[in-house]
Structures are given as C-alpha cells and as structure tokens.
file work_9.cif (mmCIF, C-alpha atoms)
data_structure
loop_
_atom_site.label_atom_id
_atom_site.label_comp_id
_atom_site.auth_asym_id
_atom_site.auth_seq_id
_atom_site.Cartn_x
_atom_site.Cartn_y
_atom_site.Cartn_z
CA MET A 174 -88.44 34.56 30.52
CA SER A 175 -87.49 31.41 28.58
CA ASN A 176 -88.41 31.22 24.90
CA LYS A 177 -89.34 27.54 25.26
CA PRO A 178 -93.17 26.88 25.25
CA ASN A 179 -94.66 25.69 28.47
CA VAL A 180 -95.96 22.12 28.07
CA ILE A 181 -99.22 21.66 30.01
CA LEU A 182 -99.99 18.12 31.02
CA ASP A 183 -103.46 17.07 32.26
CA LYS A 184 -103.49 14.11 34.51
CA ASP A 185 -106.20 11.48 33.86
CA ASP A 186 -106.30 8.52 36.22
CA SER A 187 -107.80 6.24 33.68
CA GLU A 188 -105.97 7.16 30.56
CA GLY A 189 -102.73 8.64 31.89
CA PHE A 190 -101.27 12.05 30.74
CA GLU A 191 -102.68 14.14 27.83
CA VAL A 192 -101.04 17.16 26.06
CA ASP A 193 -103.01 20.48 25.90
CA TRP A 194 -102.03 21.53 22.31
CA ASP A 195 -104.12 24.73 22.33
CA THR A 196 -102.25 26.07 25.31
CA ILE A 197 -98.94 25.06 23.79
CA GLU A 198 -99.72 26.91 20.55
CA LYS A 199 -100.73 30.07 22.45
CA GLU A 200 -97.58 29.96 24.51
CA TYR A 201 -95.51 29.42 21.39
CA ARG A 202 -97.06 32.36 19.56
CA ARG A 203 -96.60 34.60 22.61
CA SER A 204 -92.97 33.62 22.86
CA LYS A 205 -92.45 34.37 19.13
CA ARG A 206 -94.01 37.83 19.48
CA GLY A 207 -91.69 38.51 22.41
CA HIS A 208 -88.72 37.36 20.36
CA HIS A 209 -89.58 39.70 17.46
CA ARG A 210 -90.08 42.63 19.84
CA HIS A 211 -86.63 41.95 21.27
CA ARG A 212 -85.12 41.95 17.78
CA ARG A 213 -86.91 45.19 16.92
CA ASN A 214 -85.66 46.82 20.16
CA SER A 215 -82.11 45.61 19.41
CA ALA A 216 -82.30 46.98 15.89
CA SER A 217 -83.58 50.31 17.21
CA SER A 218 -80.76 50.41 19.76
CA ASP A 219 -78.17 49.60 17.09
CA SER A 220 -79.65 52.32 14.86
CA LYS A 221 -79.40 54.94 17.63
CA SER A 222 -75.81 53.89 18.42
CA SER A 223 -74.88 54.07 14.75
CA GLY A 224 -76.51 57.51 14.51
CA LYS A 225 -74.48 58.80 17.45
CA LYS A 226 -71.27 57.48 15.91
CA THR A 227 -72.08 59.12 12.57
CA LYS A 228 -72.79 62.44 14.30
CA LYS A 229 -69.49 62.29 16.23
CA LYS A 230 -67.67 61.45 13.02
CA LYS A 231 -69.19 64.46 11.26
CA ILE A 232 -68.22 66.76 14.14
CA LEU A 233 -64.66 65.43 14.09
CA ILE A 234 -64.42 65.91 10.33
CA GLY A 235 -65.76 69.45 10.74
CA ILE A 236 -63.13 70.26 13.37
CA LEU A 237 -60.37 68.83 11.18
CA ILE A 238 -61.57 70.86 8.19
CA PHE A 239 -61.69 74.02 10.36
CA LEU A 240 -58.15 73.40 11.63
CA ALA A 241 -56.94 72.71 8.08
CA VAL A 242 -58.46 76.03 6.92
CA LEU A 243 -56.78 77.85 9.82
CA ILE A 244 -53.41 76.26 9.06
CA LEU A 245 -53.79 76.95 5.34
CA SER A 246 -54.76 80.58 6.09
CA ALA A 247 -51.76 80.98 8.40
CA ILE A 248 -49.40 79.51 5.78
CA THR A 249 -50.93 81.72 3.08
CA ALA A 250 -50.61 84.80 5.30
CA PHE A 251 -47.00 83.88 6.09
CA PHE A 252 -46.03 83.66 2.43
CA ILE A 253 -47.93 86.83 1.53
CA LEU A 254 -46.19 88.74 4.32
CA ARG A 255 -42.86 87.21 3.36
CA HIS A 256 -43.31 88.20 -0.28
CA ILE A 257 -44.23 91.80 0.65
CA GLY A 258 -41.23 91.98 2.97
CA MET A 259 -38.92 90.55 0.32
CA GLU A 260 -40.09 93.15 -2.23
CA HIS A 261 -39.24 95.96 0.18
CA MET A 262 -35.94 94.54 1.37
CA THR A 263 -34.49 93.51 -2.02
CA THR A 264 -35.44 96.41 -4.31
CA HIS A 265 -32.48 98.52 -5.48
CA LYS A 266 -33.00 101.75 -7.41
CA LEU A 267 -29.43 102.57 -8.24
CA ASN A 268 -28.36 106.07 -9.25
CA MET A 269 -24.77 106.39 -8.05
CA THR A 270 -22.63 109.50 -7.90
CA VAL A 271 -19.63 107.66 -9.31
CA PRO A 272 -16.21 109.01 -8.19
CA ASP A 273 -13.73 110.37 -10.72
CA PHE A 274 -11.31 107.46 -10.34
CA VAL A 275 -13.90 105.02 -11.78
CA GLU A 276 -13.06 104.47 -15.46
CA ASP A 277 -16.56 103.77 -16.75
CA TYR A 278 -20.11 102.94 -15.62
CA LYS A 279 -23.63 102.43 -16.96
CA ASP A 280 -27.23 101.84 -15.76
CA GLY A 281 -26.82 104.22 -12.83
CA GLY A 282 -23.79 102.34 -11.58
CA LYS A 283 -25.09 98.77 -11.88
CA THR A 284 -22.03 98.07 -14.00
CA LEU A 285 -18.66 99.67 -13.20
CA VAL A 286 -15.18 99.52 -14.66
CA TYR A 287 -12.46 100.10 -12.07
CA LYS A 288 -8.73 99.53 -12.56
CA GLY A 289 -9.39 97.53 -15.71
CA HIS A 290 -11.95 95.19 -14.09
CA THR A 291 -15.72 95.11 -14.64
CA TYR A 292 -18.06 94.87 -11.65
CA GLN A 293 -21.77 94.07 -11.57
CA PHE A 294 -24.05 95.18 -8.73
CA ASN A 295 -25.20 92.18 -6.65
CA GLU A 296 -29.04 92.12 -6.65
CA ASP A 297 -29.10 89.31 -4.04
CA LEU A 298 -28.48 91.74 -1.17
CA SER A 299 -30.57 93.35 1.54
CA SER A 300 -29.21 96.17 3.68
CA VAL A 301 -30.25 97.65 7.03
CA LEU A 302 -28.68 100.65 8.75
CA PHE A 303 -28.45 100.19 12.52
CA MET A 304 -28.18 103.40 14.57
CA GLY A 305 -27.44 103.72 18.28
CA ILE A 306 -28.65 107.12 19.47
CA ASP A 307 -27.01 108.85 22.45
CA ASN A 308 -30.28 109.61 24.29
CA THR A 309 -31.88 107.59 27.06
CA GLU A 310 -35.14 108.10 25.18
CA LEU A 311 -35.90 108.96 21.56
CA LYS A 312 -37.41 112.44 21.59
CA GLU A 313 -40.95 113.09 20.35
CA ASN A 314 -41.29 116.17 18.12
CA ALA A 315 -37.77 117.30 18.90
CA VAL A 316 -36.56 120.71 17.81
CA SER A 317 -34.37 120.25 14.74
CA GLY A 318 -30.73 120.24 15.72
CA THR A 319 -31.36 118.81 19.20
CA ALA A 320 -32.64 115.28 18.44
CA GLY A 321 -29.43 113.46 19.42
CA GLN A 322 -26.46 111.91 17.66
CA ALA A 323 -25.90 108.51 16.10
CA ASP A 324 -22.98 107.28 18.22
CA ALA A 325 -23.04 103.85 16.56
CA LEU A 326 -23.55 103.31 12.84
CA TYR A 327 -23.48 99.82 11.35
CA LEU A 328 -24.65 98.90 7.87
CA LEU A 329 -25.71 95.25 7.75
CA VAL A 330 -25.49 93.80 4.23
CA TYR A 331 -27.21 90.41 4.02
CA ASN A 332 -26.51 88.10 1.06
CA LEU A 333 -29.68 86.09 0.41
CA LYS A 334 -27.85 83.41 -1.56
CA THR A 335 -24.90 82.71 0.75
CA GLY A 336 -26.60 83.59 4.05
CA LYS A 337 -23.62 85.75 5.02
CA ILE A 338 -24.06 89.06 6.84
CA ARG A 339 -21.28 91.55 6.22
CA THR A 340 -21.39 94.59 8.47
CA LEU A 341 -19.75 97.86 7.55
CA SER A 342 -18.66 99.75 10.66
CA ILE A 343 -18.99 103.49 10.01
CA ASN A 344 -17.02 105.82 12.26
CA ARG A 345 -19.37 108.42 13.81
CA ASP A 346 -16.74 111.13 13.18
CA THR A 347 -16.52 110.50 9.42
CA LEU A 348 -16.93 113.71 7.40
CA VAL A 349 -19.84 113.84 4.95
CA ASP A 350 -22.46 116.31 3.73
CA ILE A 351 -25.50 116.38 6.04
CA ASN A 352 -28.83 118.14 5.48
CA LEU A 353 -29.83 120.95 7.83
CA TYR A 354 -33.42 121.83 8.75
CA ASN A 355 -34.81 124.67 10.86
CA GLU A 356 -37.24 124.43 13.77
CA VAL A 357 -40.29 124.01 11.52
CA GLY A 358 -38.62 121.42 9.29
CA ASP A 359 -37.69 123.63 6.33
CA TYR A 360 -34.57 122.59 4.42
CA LYS A 361 -31.72 125.04 4.99
CA GLY A 362 -29.00 123.50 2.85
CA SER A 363 -26.20 121.04 3.61
CA VAL A 364 -22.88 121.25 5.42
CA ARG A 365 -19.83 118.98 5.59
CA GLN A 366 -19.78 117.70 9.14
CA GLN A 367 -19.48 114.56 11.29
CA ILE A 368 -21.90 111.96 9.96
CA CYS A 369 -23.39 111.26 13.43
CA LEU A 370 -24.88 114.79 13.52
CA ALA A 371 -27.35 114.07 10.70
CA TYR A 372 -29.72 112.43 13.20
CA ALA A 373 -29.94 115.68 15.20
CA PHE A 374 -31.72 117.47 12.34
CA GLY A 375 -35.16 115.92 12.48
CA ASP A 376 -38.10 115.16 14.77
CA GLY A 377 -36.15 112.75 16.99
CA LYS A 378 -37.65 109.69 15.34
CA LYS A 379 -38.73 109.09 11.73
CA SER A 380 -37.38 112.20 9.98
CA SER A 381 -34.18 112.07 12.04
CA ALA A 382 -33.60 108.44 11.03
CA GLN A 383 -34.35 109.26 7.40
CA ASN A 384 -31.88 112.15 7.46
CA GLN A 385 -29.24 109.82 8.92
CA VAL A 386 -29.90 107.24 6.20
CA ARG A 387 -29.60 109.97 3.57
CA SER A 388 -26.15 110.98 4.84
CA VAL A 389 -24.93 107.38 4.96
CA GLU A 390 -26.16 106.80 1.40
CA ARG A 391 -24.15 109.88 0.34
CA LEU A 392 -21.11 108.30 1.94
CA LEU A 393 -21.85 105.17 -0.12
CA TYR A 394 -21.96 107.16 -3.38
CA ASN A 395 -25.77 106.83 -3.27
CA ILE A 396 -25.97 103.05 -3.05
CA PRO A 397 -29.52 102.64 -1.62
CA ILE A 398 -30.24 101.26 1.86
CA ASN A 399 -33.31 99.02 2.23
CA GLY A 400 -34.22 99.68 5.86
CA TYR A 401 -33.21 101.31 9.12
CA PHE A 402 -33.45 100.57 12.82
CA ALA A 403 -32.53 103.19 15.46
CA ILE A 404 -32.53 102.54 19.20
CA ASP A 405 -31.91 104.68 22.26
CA LEU A 406 -29.68 103.82 25.19
CA SER A 407 -32.49 102.19 27.19
CA ALA A 408 -32.97 99.50 24.54
CA ILE A 409 -29.42 98.15 24.75
CA LYS A 410 -29.87 96.28 28.03
CA ILE A 411 -33.37 95.09 27.06
CA LEU A 412 -32.19 93.44 23.84
CA ASN A 413 -29.07 92.20 25.62
CA ASP A 414 -31.04 90.53 28.41
CA ASP A 415 -33.68 89.13 26.03
CA ILE A 416 -31.11 86.58 24.87
CA GLY A 417 -29.75 85.92 28.35
CA GLY A 418 -26.82 88.35 28.20
CA VAL A 419 -23.84 88.50 25.85
CA THR A 420 -20.49 86.89 26.67
CA VAL A 421 -17.37 88.75 25.54
CA THR A 422 -13.60 88.69 26.07
CA PRO A 423 -12.08 92.17 25.52
CA ASN A 424 -8.55 92.34 24.12
CA THR A 425 -7.69 95.60 25.89
CA SER A 426 -8.40 96.90 29.36
CA PHE A 427 -10.77 99.80 29.76
CA GLY A 428 -12.88 101.05 32.63
CA GLU A 429 -14.09 98.04 34.61
CA PHE A 430 -13.19 95.58 31.81
CA THR A 431 -9.90 93.68 31.82
CA ALA A 432 -8.04 92.38 28.77
CA GLY A 433 -8.39 88.60 28.39
CA GLN A 434 -11.04 88.30 31.11
CA THR A 435 -14.30 86.78 29.86
CA VAL A 436 -17.48 88.36 31.16
CA THR A 437 -21.20 87.91 30.46
CA LEU A 438 -22.74 91.34 30.08
CA LYS A 439 -26.06 91.86 31.84
CA GLY A 440 -28.17 94.99 32.28
CA ASP A 441 -26.25 98.29 32.39
CA MET A 442 -22.92 96.51 31.80
CA ALA A 443 -23.83 96.10 28.14
CA GLU A 444 -24.24 99.86 27.65
CA LYS A 445 -20.95 100.56 29.44
CA PHE A 446 -19.15 98.07 27.22
CA VAL A 447 -20.33 99.54 23.91
CA ARG A 448 -20.50 103.26 24.82
CA THR A 449 -17.66 104.18 27.17
CA ARG A 450 -15.24 106.60 25.50
CA ASP A 451 -12.29 108.61 26.76
CA THR A 452 -12.91 112.02 25.14
CA SER A 453 -9.46 113.23 26.19
CA LEU A 454 -8.04 110.93 23.50
CA LEU A 455 -8.60 112.12 19.94
CA ASP A 456 -9.00 108.66 18.44
CA ASP A 457 -10.50 106.68 21.35
CA ASN A 458 -13.61 106.11 19.26
CA LEU A 459 -11.54 103.57 17.30
CA ARG A 460 -11.03 101.55 20.50
CA ARG A 461 -14.74 101.88 21.30
CA MET A 462 -15.64 100.63 17.83
CA GLU A 463 -13.51 97.53 18.40
CA PHE A 464 -15.49 96.83 21.57
CA GLN A 465 -18.74 97.34 19.63
CA LYS A 466 -17.60 94.94 16.91
CA LEU A 467 -16.77 92.32 19.53
CA TYR A 468 -20.17 92.80 21.13
CA LEU A 469 -22.07 92.57 17.83
CA THR A 470 -20.22 89.42 16.82
CA SER A 471 -21.00 87.77 20.17
CA PHE A 472 -24.62 88.94 20.02
CA ALA A 473 -25.05 87.48 16.51
CA ASN A 474 -23.45 84.20 17.54
CA GLN A 475 -26.06 83.84 20.27
CA ILE A 476 -29.16 85.23 18.55
CA VAL A 477 -29.05 83.38 15.23
CA PRO A 478 -29.06 79.89 16.78
CA SER A 479 -32.02 81.10 18.84
CA ILE A 480 -33.85 82.13 15.65
CA LYS A 481 -33.20 78.72 14.13
CA LYS A 482 -34.87 77.12 17.14
CA ASP A 483 -37.71 79.63 17.40
CA PHE A 484 -38.86 81.93 14.56
CA SER A 485 -40.61 84.16 17.13
CA VAL A 486 -37.33 85.37 18.69
CA PRO A 487 -36.91 88.32 16.25
CA MET A 488 -40.52 89.32 16.87
CA LYS A 489 -39.96 89.20 20.64
CA LEU A 490 -36.90 91.42 20.31
CA TYR A 491 -38.82 93.68 17.94
CA ASN A 492 -41.78 94.03 20.33
CA ASP A 493 -39.63 94.48 23.44
CA SER A 494 -37.64 97.26 21.83
CA SER A 495 -40.53 98.96 20.01
CA GLU A 496 -41.01 101.80 22.51
CA TYR A 497 -37.26 102.47 22.54
CA SER A 498 -36.76 102.46 18.79
CA VAL A 499 -37.84 103.78 15.41
CA THR A 500 -37.74 101.70 12.24
CA ASP A 501 -39.26 101.28 8.81
CA ILE A 502 -38.97 97.50 9.15
CA GLY A 503 -42.52 96.25 9.68
CA ILE A 504 -43.99 92.79 10.23
CA PRO A 505 -43.67 91.72 6.54
CA GLU A 506 -39.98 92.65 6.49
CA MET A 507 -39.42 90.97 9.85
CA VAL A 508 -41.13 87.77 8.62
CA PHE A 509 -38.95 87.75 5.51
CA LEU A 510 -35.67 88.44 7.30
CA SER A 511 -36.23 86.07 10.24
CA SER A 512 -37.37 83.16 8.04
CA SER A 513 -34.43 83.71 5.68
CA LEU A 514 -31.88 83.99 8.48
CA ALA A 515 -33.23 80.89 10.22
CA THR A 516 -32.65 78.76 7.14
CA ARG A 517 -29.64 80.39 5.45
CA TYR A 518 -27.52 82.31 7.95
CA SER A 519 -23.87 81.31 7.61
CA GLY A 520 -21.97 83.88 9.67
CA LEU A 521 -21.18 87.51 10.43
CA ASP A 522 -18.24 89.40 8.98
CA LEU A 523 -17.35 92.87 10.30
CA VAL A 524 -15.72 95.27 7.87
CA GLY A 525 -13.86 98.41 8.88
CA THR A 526 -12.63 101.49 7.02
CA LYS A 527 -9.23 103.09 6.47
CA GLY A 528 -8.65 106.68 7.46
CA ALA A 529 -7.04 109.05 9.91
CA TYR A 530 -8.18 111.35 12.71
CA LYS A 531 -7.75 115.08 12.50
CA LEU A 532 -8.45 117.75 15.11
CA ARG A 533 -10.62 120.56 13.85
CA LYS A 534 -9.17 123.75 15.30
CA GLU A 535 -12.37 125.82 15.07
CA ASP A 536 -14.25 123.79 17.67
CA SER A 537 -11.65 121.21 18.81
CA SER A 538 -13.83 118.42 17.40
CA ALA A 539 -12.45 115.08 16.24
CA GLN A 540 -12.88 114.39 12.53
CA TYR A 541 -12.22 111.13 10.73
CA ILE A 542 -10.95 111.50 7.15
CA LEU A 543 -11.61 108.45 4.96
CA ASP A 544 -9.15 107.02 2.47
CA GLN A 545 -11.58 107.40 -0.45
CA GLU A 546 -10.13 104.84 -2.86
CA ALA A 547 -9.73 102.20 -0.13
CA PHE A 548 -13.32 102.89 0.97
CA PHE A 549 -14.62 102.56 -2.60
CA GLU A 550 -12.86 99.22 -2.93
CA THR A 551 -14.56 98.12 0.30
CA LEU A 552 -17.92 99.03 -1.25
CA LEU A 553 -17.09 97.05 -4.38
CA ASP A 554 -16.33 94.06 -2.18
CA LEU A 555 -19.59 94.48 -0.26
CA PHE A 556 -22.05 95.28 -3.05
CA TYR A 557 -20.55 94.08 -6.34
CA LYS A 558 -19.44 90.94 -8.11
CA LYS A 559 -16.39 90.98 -10.36
CA VAL A 560 -17.31 89.93 -13.90
CA GLU A 561 -14.70 87.50 -15.21
#
call {"tool": "encode", "arguments": {"input": "work_9.cif", "output": "structure tokens"}}
result
Amino acid sequence: MSNKPNVILDKDDSEGFEVDWDTIEKEYRRSKRGHHRHRRNSASSDSKSSGKKTKKKKILIGILIFLAVLILSAITAFFILRHIGMEHMTTHKLNMTVPDFVEDYKDGGKTLVYKGHTYQFNEDLSSVLFMGIDNTELKENAVSGTAGQADALYLLVYNLKTGKIRTLSINRDTLVDINLYNEVGDYKGSVRQQICLAYAFGDGKKSSAQNQVRSVERLLYNIPINGYFAIDLSAIKILNDDIGGVTVTPNTSFGEFTAGQTVTLKGDMAEKFVRTRDTSLLDDNLRRMEFQKLYLTSFANQIVPSIKKDFSVPMKLYNDSSEYSVTDIGIPEMVFLSSSLATRYSGLDLVGTKGAYKLRKEDSSAQYILDQEAFFETLLDLFYKKVE
C-alpha cells in the first residue's frame, strides 16, 4: 500500500470540485501508523539478526578458547614429558673402577689423568645399549641360564650438543665377568665368560636385560648406561619394513649376498644379513659385525630424515616392536630422544674395538680378548673431553 494519502474529491455541479479534508487527515494518520509499525518491525528484525550474530560469535570464541586450551595442554604435556625423559637419559652417577695404567683420578672418575693429559667426563651425553637376542620370541619367566644370548651388542652414545651418535660395537665373544643366578633368581656369584651369556641369566626380559647392562658397564669400567632396548629375531623384519626396507651394498660375498651388489633388504632378508655366521670359522663374527655395522648405518641414514619429517616415526617403531622387545625407555624418554634427534642429529659414527680371537680348549668356544689400553682410549674418546 502506498504511503501517500488518498485525496477524495466530491463533485458538485454548481460549484465544481471540493476537497474532503476530514477523510484526508484520517488517511494520513492511518498511513503514519502503518509507517511506524513497519519501522518497529524492521527494528525488531534487526535486533533478532544482531542477537543471532552475537550468539554465533560467542560460540566461535568459545571453540577457539577450547582449542587454545587443548593446544596449550598438549604443549605443556610435551615439555613435561620431555623434561622427565631428559632427566632419566642424561643423569650420570659415576663410580669407575679405574684401571692401573691411569695415573690419577677424582670424583669417581669424572676427572682422569692418563699419559700426562687430563680428561673430564662429558655430561652432555646419553647412552642406550641395544641388544639383539637370539630367540624368535623373548621368553616369559624363563629359567635362569636358558633365556637366550645377546648376539648383537651396540652401545649408542648420543651427544646432545653436537647431535652426533657414536656407536660402540661390542663383540659378543668378549670376555668379562657376568653374574650367575639360579632357577629362583638367587645370586650365585660371577664368572669370566663371553659377554653375550649375561642375558641368559634372568627371566628372559627385564632381569635378563638388566644383567646384560651390568656386564657391559663392567666392561666400560663402570661408566653408567642410561637405557636399554632388547629385541628378539621377529622384530628385525618389522622395524626394517616399517621404514620401507634398508638398502645396503656388502663389501664381501656371503650366503646369498654378493660383494658390490646393492640390495634393498625386506622381510626375512634383513635377519639373514645381520645374523648369518659361519661357525666353522673361529673369527667369522668379525665379518658378521661388519655386516651389522653396514646395516645400522644404512638404517640410521633412512630413519633420521623420517623423524625430521614426522616426530611420530619413533613412536610407531616403538609400538610396532613392543611385543617383541623389552626396554626401560618409556614415553618420556622417547619424546626427549625423538625431539632432540629431529632437531640436532648430525650423523652416525661406528666405533670398533681392538683384540684377538682365542679358542678355549675346554669347550672349543671362541673368545675375544680385548686390547685393554686401546679399549680404554676408545672410551676416553667416546665419553671424555681432553682438558687443555
């Protein structure tokens, strides 16, 4: 309806047209009332629309606050876990059994004097003992003495400042004192034997791993190890295939592997590559260790770039191998190590030992005799800094 008032004209033959002002006024007032009602309805509509917008805005702000709290909580949890992990993986309670050829030492071996030079223990290190056990499955509640042997022993020493991982390759046949326990777990003394046998004297999991760590620490003159990770044979191919296989080029021919021929190991091939040993040769474990070093180097070259792209890779490997392994490295330690490696890793260096094989006549076993001074110097290089 138009807002203009209707003009009513009365026709009079004698006097012409006259305007009906009363009707005009009524029409005008009615039109004004209609106009005000329209404005009130518009205002009401605008008010409702504004109310809806305000409500939506409040909901959006609430969602954003909730997400911010979640993110803040996740970040806080991350740093708490990382701090706990760092405390565990970087604490060193040193109480060394210093060899006779060391000239002087103090603070449990934190400072040493060797061949006229002073060495200070490097506190910026974190160490993990990796053990490869020669069972297809880690035994539950094993009878002491039957829990398996640690065929592969690698001590990973990670420098938190430089990002370098230096890995000490320990020959399984190295002679050292190992603890013996009976069937019910009672300590029965120690005996000088191949270091790989320490794992056998335990429950097949935790106490076996701890006994193996203890023997390796003895070999290291009681330099403490921060963590351990032991896997059975079944885990090798799982971890190998988790990163899409490992590509290697062996420098000698053995079994189905040809010198100079590059191959990507998948499934059972990985186990064959790192475990095959010719027991008719006294020192063939040295050749096998070279294959293991090559494999570990290739594995590290592939896994660390993966960690840099995705922090969850270590956790995936950890979860996939959990039923095939035993470790004292929990989620806090994993968070610390993976976040540190992703931002600082600068390479892997494999370190060997000097020694010679000897056949033990009593049982025809192969024994590896370390060059003690050369080994000690290797430890100085791994764990100490020369003080100028």
call {"tool": "residues_near_point", "arguments": {"input": "work_9.cif", "point": "(-42.7, 115.5, 13.6)", "cutoff": "9 Å", "atoms": "all atoms listed in the file", "output": "PyMOL selection string"}}
result
chain A and resi 313-315+358+375-380
call {"tool": "closest_atom_pairs", "arguments": {"input": "work_9.cif", "of": "segment 295-410 of chain A", "to": "segment 449-458 of chain A", "cutoff": "10 Å", "atoms": "all atoms listed in the file", "output": "JSON lines"}}
result
{"residue": "A:Asp324", "atom": "CA", "partner": "A:Asn458", "partner_atom": "CA", "distance": 9.5}
{"residue": "A:Asn344", "atom": "CA", "partner": "A:Asn458", "partner_atom": "CA", "distance": 7.8}
{"residue": "A:Arg345", "atom": "CA", "partner": "A:Asn458", "partner_atom": "CA", "distance": 8.3}
{"residue": "A:Asp346", "atom": "CA", "partner": "A:Asn458", "partner_atom": "CA", "distance": 8.5}
call {"tool": "atom_distance", "arguments": {"input": "work_9.cif", "atom1": "atom CA of Met259 of chain A", "atom2": "atom CA of Tyr491 of chain A"}}
result
17.9 Å
call {"tool": "residues_around", "arguments": {"input": "work_9.cif", "residues": "Ala473 of chain A", "least_positions_apart": "3", "cutoff": "12 Å", "atoms": "all atoms listed in the file", "output": "PyMOL selection string"}}
result
chain A and resi 329+337-340+412-413+416+418-421+466-470+476-480+487+514+518-523
call {"tool": "resolve_selection", "arguments": {"input": "work_9.cif", "expression": "the PyMOL selection byres ((chain A and resi 341) around 6)", "output": "PyMOL selection string"}}
result
chain A and resi 327-328+340+342+524
call {"tool": "axis_aligned_box", "arguments": {"input": "work_9.cif", "around": "segment 407-420 of chain A", "padding_each_side": "3 Å", "output": "JSON"}}
result
{"center_x": -27.1, "center_y": 94.1, "center_z": 26.1, "size_x": 19.2, "size_y": 22.3, "size_z": 10.6}
call {"tool": "residues_around", "arguments": {"input": "work_9.cif", "residues": "Met269 of chain A", "least_positions_apart": "5", "cutoff": "10 Å", "atoms": "all atoms listed in the file", "output": "PDB file with C-alpha atoms, in the coordinates of the input"}}
result
ATOM      1  CA  TYR A 278     -20.110 102.940 -15.620  1.00  0.00           C
ATOM      2  CA  LYS A 279     -23.630 102.430 -16.960  1.00  0.00           C
ATOM      3  CA  ASP A 280     -27.230 101.840 -15.760  1.00  0.00           C
ATOM      4  CA  GLY A 281     -26.820 104.220 -12.830  1.00  0.00           C
ATOM      5  CA  GLY A 282     -23.790 102.340 -11.580  1.00  0.00           C
ATOM      6  CA  LYS A 283     -25.090  98.770 -11.880  1.00  0.00           C
ATOM      7  CA  GLU A 390     -26.160 106.800   1.400  1.00  0.00           C
ATOM      8  CA  ARG A 391     -24.150 109.880   0.340  1.00  0.00           C
ATOM      9  CA  LEU A 393     -21.850 105.170  -0.120  1.00  0.00           C
ATOM     10  CA  TYR A 394     -21.960 107.160  -3.380  1.00  0.00           C
ATOM     11  CA  ASN A 395     -25.770 106.830  -3.270  1.00  0.00           C
ATOM     12  CA  ILE A 396     -25.970 103.050  -3.050  1.00  0.00           C
ATOM     13  CA  PRO A 397     -29.520 102.640  -1.620  1.00  0.00           C
TER      14      PRO A 397
END
call {"tool": "residues_around", "arguments": {"input": "work_9.cif", "residues": "segment 540-546 of chain A", "least_positions_apart": "3", "cutoff": "9 Å", "atoms": "all atoms listed in the file", "output": "VMD selection string"}}
result
chain A and resid 274 344 to 348 366 to 367 455 to 456 526 to 533 549 to 551
call {"tool": "residues_around", "arguments": {"input": "work_9.cif", "residues": "Tyr497 of chain A", "least_positions_apart": "5", "cutoff": "12 Å", "atoms": "all atoms listed in the file", "output": "list in words"}}
result
Gly305, Ile306, Asn308, Thr309, Glu310, Leu311, Lys312, Glu313, Gly377, Lys378, Phe402, Ala403, Ile404, Asp405, Leu406, Ser407, Ala408, Ile409, Lys410, Ile411, Leu412, Leu490, Tyr491 and Asn492 of chain A
